[in-house]
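Shown next: run-v3.pdb, containing PDB, C-alpha atoms, pLDDT in the B column.
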ATOM      1  CA  MET E  27      37.020   4.813  22.462  1.00 41.00           C
ATOM      2  CA  LEU E  28      33.824   3.896  20.664  1.00 46.00           C
ATOM      3  CA  THR E  29      34.005   3.970  16.900  1.00 52.00           C
ATOM      4  CA  LEU E  30      30.911   4.479  14.804  1.00 56.00           C
ATOM      5  CA  THR E  31      32.188   2.973  11.590  1.00 62.00           C
ATOM      6  CA  LYS E  32      29.808   0.694   9.756  1.00 69.00           C
ATOM      7  CA  THR E  33      30.820  -1.886   7.289  1.00 83.00           C
ATOM      8  CA  LYS E  34      29.085  -2.302   3.974  1.00 81.00           C
ATOM      9  CA  GLU E  35      27.433  -5.483   5.261  1.00 83.00           C
ATOM     10  CA  ASP E  36      26.023  -3.668   8.306  1.00 85.00           C
ATOM     11  CA  ILE E  37      24.529  -0.968   6.117  1.00 86.00           C
ATOM     12  CA  MET E  38      23.056  -3.526   3.719  1.00 88.00           C
ATOM     13  CA  GLU E  39      21.535  -5.433   6.652  1.00 90.00           C
ATOM     14  CA  LEU E  40      19.983  -2.212   7.932  1.00 89.00           C
ATOM     15  CA  LEU E  41      18.502  -1.489   4.496  1.00 91.00           C
ATOM     16  CA  ARG E  42      17.144  -5.045   4.262  1.00 92.00           C
ATOM     17  CA  ASN E  43      15.470  -4.646   7.661  1.00 93.00           C
ATOM     18  CA  ILE E  44      13.910  -1.353   6.612  1.00 94.00           C
ATOM     19  CA  GLY E  45      12.662  -3.042   3.438  1.00 89.00           C
ATOM     20  CA  LYS E  46      11.117  -5.861   5.460  1.00 91.00           C
ATOM     21  CA  TYR E  47       9.273  -3.388   7.686  1.00 94.00           C
ATOM     22  CA  ALA E  48       8.025  -1.450   4.667  1.00 89.00           C
ATOM     23  CA  LYS E  49       6.822  -4.672   3.035  1.00 86.00           C
ATOM     24  CA  GLU E  50       4.914  -5.720   6.144  1.00 91.00           C
ATOM     25  CA  LEU E  51       3.330  -2.276   6.530  1.00 91.00           C
ATOM     26  CA  THR E  52       2.259  -2.421   2.881  1.00 85.00           C
ATOM     27  CA  LYS E  53       0.657  -5.828   3.459  1.00 86.00           C
ATOM     28  CA  ILE E  54      -1.235  -4.438   6.444  1.00 91.00           C
ATOM     29  CA  GLY E  55      -2.421  -1.477   4.379  1.00 87.00           C
ATOM     30  CA  VAL E  56      -3.619  -3.671   1.506  1.00 84.00           C
ATOM     31  CA  ASN E  57      -5.447  -5.941   3.954  1.00 87.00           C
ATOM     32  CA  LEU E  58      -7.147  -2.932   5.576  1.00 86.00           C
ATOM     33  CA  ILE E  59      -8.248  -1.674   2.164  1.00 84.00           C
ATOM     34  CA  ALA E  60      -9.646  -5.125   1.298  1.00 85.00           C
ATOM     35  CA  PHE E  61     -11.423  -5.254   4.653  1.00 86.00           C
ATOM     36  CA  GLY E  62     -12.875  -1.796   4.020  1.00 83.00           C
ATOM     37  CA  ILE E  63     -14.209  -2.850   0.626  1.00 82.00           C
ATOM     38  CA  VAL E  64     -15.878  -5.966   2.069  1.00 84.00           C
ATOM     39  CA  VAL E  65     -17.397  -4.048   4.984  1.00 84.00           C
ATOM     40  CA  GLU E  66     -18.665  -1.303   2.688  1.00 82.00           C
ATOM     41  CA  ILE E  67     -20.246  -3.819   0.295  1.00 81.00           C
ATOM     42  CA  LEU E  68     -21.870  -5.840   3.075  1.00 83.00           C
ATOM     43  CA  PHE E  69     -23.184  -2.900   5.115  1.00 80.00           C
ATOM     44  CA  LYS E  70     -23.826  -0.243   2.459  1.00 75.00           C
ATOM     45  CA  GLY E  71     -26.133   2.420   3.843  1.00 62.00           C
ATOM     46  CA  ALA E  72     -25.884   1.228   7.431  1.00 69.00           C
ATOM     47  CA  GLU E  73     -23.961   3.070  10.117  1.00 73.00           C
ATOM     48  CA  ILE E  74     -21.023   0.939  11.196  1.00 72.00           C
ATOM     49  CA  PRO E  75     -19.891   1.968  14.685  1.00 73.00           C
ATOM     50  CA  PHE E  76     -16.222   0.993  14.331  1.00 73.00           C
ATOM     51  CA  TRP E  77     -15.745   2.289  10.771  1.00 72.00           C
ATOM     52  CA  PRO E  78     -15.075   5.961  10.026  1.00 74.00           C
ATOM     53  CA  ASN E  79     -17.390   7.833   7.692  1.00 75.00           C
ATOM     54  CA  ILE E  80     -15.348   7.215   4.538  1.00 76.00           C
ATOM     55  CA  SER E  81     -16.072   5.415   1.300  1.00 79.00           C
ATOM     56  CA  VAL E  82     -13.243   3.080   0.338  1.00 79.00           C
ATOM     57  CA  VAL E  83     -14.882   2.082  -2.942  1.00 78.00           C
ATOM     58  CA  ASP E  84     -15.451   5.716  -3.961  1.00 82.00           C
ATOM     59  CA  ASN E  85     -11.837   6.577  -3.134  1.00 82.00           C
ATOM     60  CA  ILE E  86     -10.518   3.662  -5.209  1.00 80.00           C
ATOM     61  CA  MET E  87     -12.829   4.593  -8.090  1.00 82.00           C
ATOM     62  CA  GLY E  88     -11.515   8.167  -7.883  1.00 84.00           C
ATOM     63  CA  ILE E  89      -7.915   6.974  -8.054  1.00 79.00           C
ATOM     64  CA  LEU E  90      -8.675   4.718 -11.009  1.00 77.00           C
ATOM     65  CA  GLY E  91     -10.565   7.536 -12.709  1.00 80.00           C
ATOM     66  CA  GLY E  92      -7.593   9.854 -12.236  1.00 80.00           C
ATOM     67  CA  LEU E  93      -5.261   7.264 -13.725  1.00 73.00           C
ATOM     68  CA  SER E  94      -7.566   6.713 -16.693  1.00 74.00           C
ATOM     69  CA  ASN E  95      -7.682  10.469 -17.345  1.00 76.00           C
ATOM     70  CA  GLU E  96      -3.911  10.453 -17.726  1.00 73.00           C
ATOM     71  CA  GLY E  97      -4.056   7.966 -20.599  1.00 77.00           C
ATOM     72  CA  LEU E  98      -0.923   5.931 -21.259  1.00 75.00           C
ATOM     73  CA  ILE E  99       1.022   7.532 -18.389  1.00 77.00           C
ATOM     74  CA  GLY E 100      -1.704   6.517 -15.937  1.00 74.00           C
ATOM     75  CA  LEU E 101      -1.732   2.999 -17.332  1.00 75.00           C
ATOM     76  CA  VAL E 102       2.030   2.693 -16.945  1.00 78.00           C
ATOM     77  CA  GLY E 103       1.795   4.065 -13.385  1.00 75.00           C
ATOM     78  CA  ALA E 104      -0.928   1.579 -12.469  1.00 74.00           C
ATOM     79  CA  PHE E 105       1.136  -1.249 -14.006  1.00 77.00           C
ATOM     80  CA  ILE E 106       4.226  -0.280 -12.003  1.00 76.00           C
ATOM     81  CA  LEU E 107       2.233   0.057  -8.770  1.00 72.00           C
ATOM     82  CA  TYR E 108       0.621  -3.341  -9.346  1.00 74.00           C
ATOM     83  CA  HIS E 109       3.990  -5.023  -9.823  1.00 73.00           C
ATOM     84  CA  PHE E 110       5.465  -3.361  -6.720  1.00 69.00           C
ATOM     85  CA  LEU E 111       2.565  -4.665  -4.638  1.00 68.00           C
ATOM     86  CA  LYS E 112       2.590  -8.090  -6.294  1.00 72.00           C
ATOM     87  CA  LYS E 113       6.331  -8.675  -5.954  1.00 64.00           C
ATOM     88  CA  ASP E 114       7.071 -11.114  -3.126  1.00 60.00           C
ATOM     89  CA  ASP E 115      10.877 -11.236  -3.188  1.00 52.00           C
ATOM     90  CA  TYR E 116      12.673  -7.949  -2.647  1.00 45.00           C
TER      91      TYR E 116
END
Please express what this file holds, its structure, as structure tokens.
Amino acid sequence: MLTLTKTKEDIMELLRNIGKYAKELTKIGVNLIAFGIVVEILFKGAEIPFWPNISVVDNIMGILGGLSNEGLIGLVGAFILYHFLKKDDY
């Protein structure tokens, strides 16, 4: 008979693995955003065949504008987001 009981260590290992995957996906996302900013700055106004018709810089400016409209709450949110992305050891 197969039992499906998990020990606390097994569950913690699973959660650590999920955290590692999330961290790596976040790194990929941040790198894609940085790449988008560089491409948009270098080729502004030119049609780039492999890049969708989006403006990364305008989207980031919109997010920052929305945070600044919220005052102190937006500043605290930006601070927390920055520290989540900056943190290397989870």
Given all atoms listed in the file as the basis, pick out the residue of E:Tyr108, E:Gly45, E:Gly91, E:Ile86 nearest to Ile59 in chain E. E:Ile86
Skip Ala104 in chain E itself and residues of its chain fewer than 4 positions away, then list as an MDAnalysis selection string all residues within 10 Å of it, counting all atoms listed in the file. chainID E and resid 89:90 93:94 98:100 108:110
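With all atoms listed in the file as the atoms that count, the minimum distance from Lys70 in chain E to the choices E:Val82, E:Met38, E:Ile106, E:Ile44 is reached by E:Val82.
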Rounded to one decimal in Å, what is the spacing between CA of Gly62 in chain E and CA of Val83 in chain E? 8.2 Å
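Here CA of Ile54 in chain E stands at a distance of 22.0 Å from CA of Phe69 in chain E.
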